[in-house]
file data_34.cif (mmCIF, C-alpha atoms)
data_my_file
loop_
_atom_site.label_atom_id
_atom_site.label_comp_id
_atom_site.auth_asym_id
_atom_site.auth_seq_id
_atom_site.Cartn_x
_atom_site.Cartn_y
_atom_site.Cartn_z
CA MET A 23 7.21 -16.69 5.19
CA ALA A 24 7.32 -17.52 1.48
CA ARG A 25 4.78 -19.95 0.12
CA SER A 26 5.99 -22.76 -2.12
CA GLN A 27 3.20 -22.28 -4.67
CA PRO A 28 1.43 -19.12 -5.65
CA GLY A 29 -2.08 -18.69 -4.39
CA LYS A 30 -5.07 -17.50 -6.30
CA THR A 31 -6.88 -14.23 -6.00
CA THR A 32 -9.98 -12.84 -7.69
CA SER A 33 -10.26 -10.66 -10.78
CA ASP A 34 -11.79 -7.94 -8.59
CA ARG A 35 -8.80 -7.96 -6.25
CA ALA A 36 -6.36 -7.90 -9.18
CA ASP A 37 -8.25 -4.95 -10.66
CA ALA A 38 -8.22 -3.16 -7.30
CA TYR A 39 -4.45 -3.68 -7.08
CA LYS A 40 -4.00 -2.23 -10.59
CA THR A 41 -6.02 0.83 -9.56
CA LEU A 42 -4.59 1.38 -6.07
CA ASN A 43 -0.90 0.61 -6.47
CA PRO A 44 -0.06 3.49 -8.86
CA LEU A 45 -1.88 5.88 -6.51
CA LEU A 46 0.09 4.53 -3.56
CA GLU A 47 3.39 4.83 -5.43
CA ALA A 48 2.66 8.45 -6.41
CA MET A 49 1.64 9.39 -2.87
CA TYR A 50 4.66 7.64 -1.38
CA ARG A 51 7.04 9.51 -3.73
CA GLU A 52 5.38 12.83 -2.92
CA PHE A 53 5.72 12.33 0.83
CA GLN A 54 9.31 11.16 0.43
CA GLU A 55 10.08 14.50 -1.25
CA LEU A 56 8.22 16.43 1.45
CA SER A 57 10.09 14.52 4.12
CA LYS A 58 13.45 15.33 2.52
CA LYS A 59 12.60 19.03 2.65
CA LYS A 60 11.05 19.04 6.10
CA GLN A 61 11.11 15.70 7.89
CA ASP A 62 9.37 16.96 11.00
CA GLY A 63 6.83 19.08 9.12
CA GLN A 64 3.28 18.48 10.29
CA VAL A 65 0.81 17.11 7.75
CA GLY A 66 -2.48 18.98 7.37
CA ARG A 67 -5.88 17.41 8.03
CA THR A 68 -6.84 17.39 4.35
CA LYS A 69 -3.73 15.42 3.41
CA VAL A 70 -4.25 13.01 6.31
CA LYS A 71 -7.81 12.35 5.09
CA MET A 72 -6.57 11.79 1.53
CA VAL A 73 -3.89 9.36 2.72
CA ASN A 74 -6.34 7.49 4.94
CA ARG A 75 -8.91 7.21 2.14
CA LEU A 76 -6.30 5.42 0.01
CA LEU A 77 -5.05 3.33 2.93
CA LYS A 78 -8.58 2.15 3.77
CA ALA A 79 -9.09 0.92 0.22
CA ILE A 80 -5.73 -0.86 0.28
CA HIS A 81 -6.44 -2.39 3.69
CA GLU A 82 -9.72 -3.74 2.32
CA LEU A 83 -7.83 -5.30 -0.60
CA LEU A 84 -5.29 -6.85 1.76
CA LYS A 85 -7.75 -7.87 4.49
CA ASP A 86 -7.06 -11.60 4.08
CA GLU A 87 -3.29 -11.27 3.69
CA PRO A 88 -0.97 -12.20 6.59
CA ASN A 89 0.77 -8.81 6.64
CA ARG A 90 -2.49 -6.82 6.95
CA SER A 91 -2.33 -6.82 10.76
CA TYR A 92 0.89 -4.78 10.58
CA LEU A 93 -0.59 -1.94 8.52
CA ASP A 94 -1.92 1.23 10.12
CA GLU A 95 -3.78 4.35 9.14
CA LEU A 96 -2.84 7.85 10.23
CA ASN A 97 -4.33 9.37 13.34
CA GLU A 98 -6.49 12.29 12.20
CA ASP A 99 -6.68 13.76 15.73
CA ASP A 100 -2.93 13.80 16.36
CA LEU A 101 -1.59 15.15 13.07
CA PRO A 102 1.50 13.20 11.96
CA GLN A 103 4.81 14.47 10.67
CA ASN A 104 5.97 13.88 7.10
CA SER A 105 8.35 11.16 8.25
CA ASP A 106 5.47 9.31 9.97
CA VAL A 107 3.50 9.29 6.73
CA VAL A 108 6.54 8.00 4.82
CA LEU A 109 6.87 5.11 7.28
CA ILE A 110 3.19 4.15 6.98
CA LEU A 111 3.28 4.37 3.17
CA SER A 112 6.52 2.38 3.07
CA GLN A 113 4.99 -0.48 5.01
CA THR A 114 1.88 -0.40 2.85
CA SER A 115 3.98 -0.38 -0.31
CA ALA A 116 5.88 -3.45 0.92
CA ALA A 117 2.57 -5.23 1.59
CA MET A 118 1.35 -4.39 -1.90
CA ASP A 119 4.61 -5.70 -3.37
CA ALA A 120 4.09 -8.95 -1.45
CA PHE A 121 0.53 -9.18 -2.82
CA GLN A 122 1.82 -8.81 -6.37
CA ARG A 123 4.59 -11.38 -5.86
CA GLN A 124 2.04 -13.84 -4.49
CA TYR A 125 -0.60 -13.52 -7.19
CA TYR A 126 1.07 -12.12 -10.34
CA VAL A 127 3.01 -15.11 -11.60
CA PHE A 128 4.53 -16.69 -14.67
CA ASN A 129 2.07 -18.92 -16.50
CA GLY A 130 3.12 -20.47 -19.76
CA GLY A 131 6.04 -18.07 -20.18
CA LYS A 132 4.14 -14.86 -19.47
CA LYS A 133 3.18 -13.06 -16.29
CA GLU A 134 -0.47 -12.87 -15.37
CA TRP A 135 -2.71 -12.72 -12.33
CA SER A 136 -3.43 -16.10 -10.77
CA VAL A 137 -7.22 -15.99 -10.53
#

call {"tool": "encode", "arguments": {"input": "data_34.cif", "output": "C-alpha cells"}}
result
Amino acid sequence: MARSQPGKTTSDRADAYKTLNPLLEAMYREFQELSKKKQDGQVGRTKVKMVNRLLKAIHELLKDEPNRSYLDELNEDDLPQNSDVVLILSQTSAAMDAFQRQYYVFNGGKKEWSV
C-alpha cells in the first residue's frame, strides 16, 4: 500500500542502504547469469554463506518496513539451486527499491534522503 506522504528514516539507515544496495545489485546480476547457464545448478556452501551475510544486513536495515516479513534467507543445510537464489534476491531487491522510494524524495527540486 502506497503512503500519501514520504516517511523519514535515519542517516544511518540511508548510509546502510547506500552501502548494501550496490552489493545486492551485483550479487543479483551474478546469480541471474548463473541461473541462465544452469538454472538447477546447486549453490555451494561458501556462496550461500556470502549471500546470507548480505541478506542479514539488509534484513536488519528493513526490520521496521512492512515488506520485511516476506523476505527470507537461504537454508544453509539444504543447499539451494541458482534459481532459488535469484528468487530470494529478486524479492530483496524489490524491498530495497520500496525503501528508496519511501525515503529518497524530492525536496526543493532535488532528491535527497528524508531524515

call {"tool": "residues_around", "arguments": {"input": "data_34.cif", "residues": "region 32-43 of chain A", "least_positions_apart": "4", "cutoff": "9 Å", "atoms": "all atoms listed in the file", "output": "list of chain:residue names"}}
result
A:Glu47, A:Ala48, A:Leu76, A:Ala79, A:Ile80, A:Leu83, A:Leu84, A:Ser115, A:Met118, A:Asp119, A:Phe121, A:Gln122, A:Tyr125, A:Tyr126, A:Trp135, A:Ser136, A:Val137

call {"tool": "resolve_selection", "arguments": {"input": "data_34.cif", "expression": "the PyMOL selection byres ((chain A and resi 95-107) around 6)", "output": "VMD selection string"}}
result
chain A and resid 57 61 to 65 74 94 108 to 110

call {"tool": "atom_distance", "arguments": {"input": "data_34.cif", "atom1": "CA of Asn89 (chain A)", "atom2": "CA of Val70 (chain A)"}}
result
22.4 Å

call {"tool": "atom_distance", "arguments": {"input": "data_34.cif", "atom1": "CA of Tyr50 (chain A)", "atom2": "CA of Leu111 (chain A)"}}
result
5.8 Å

call {"tool": "atom_distance", "arguments": {"input": "data_34.cif", "atom1": "CA of Met49 (chain A)", "atom2": "CA of Arg90 (chain A)"}}
result
19.4 Å

call {"tool": "closest_residue", "arguments": {"input": "data_34.cif", "among": "A:Arg123, A:Leu77, A:Arg67, A:Lys132", "to": "Lys30 (chain A)", "atoms": "all atoms listed in the file"}}
result
A:Arg123

call {"tool": "closest_residue", "arguments": {"input": "data_34.cif", "among": "A:Ser112, A:Ser91, A:Asn129, A:Gln124", "to": "Arg51 (chain A)", "atoms": "all atoms listed in the file"}}
result
A:Ser112
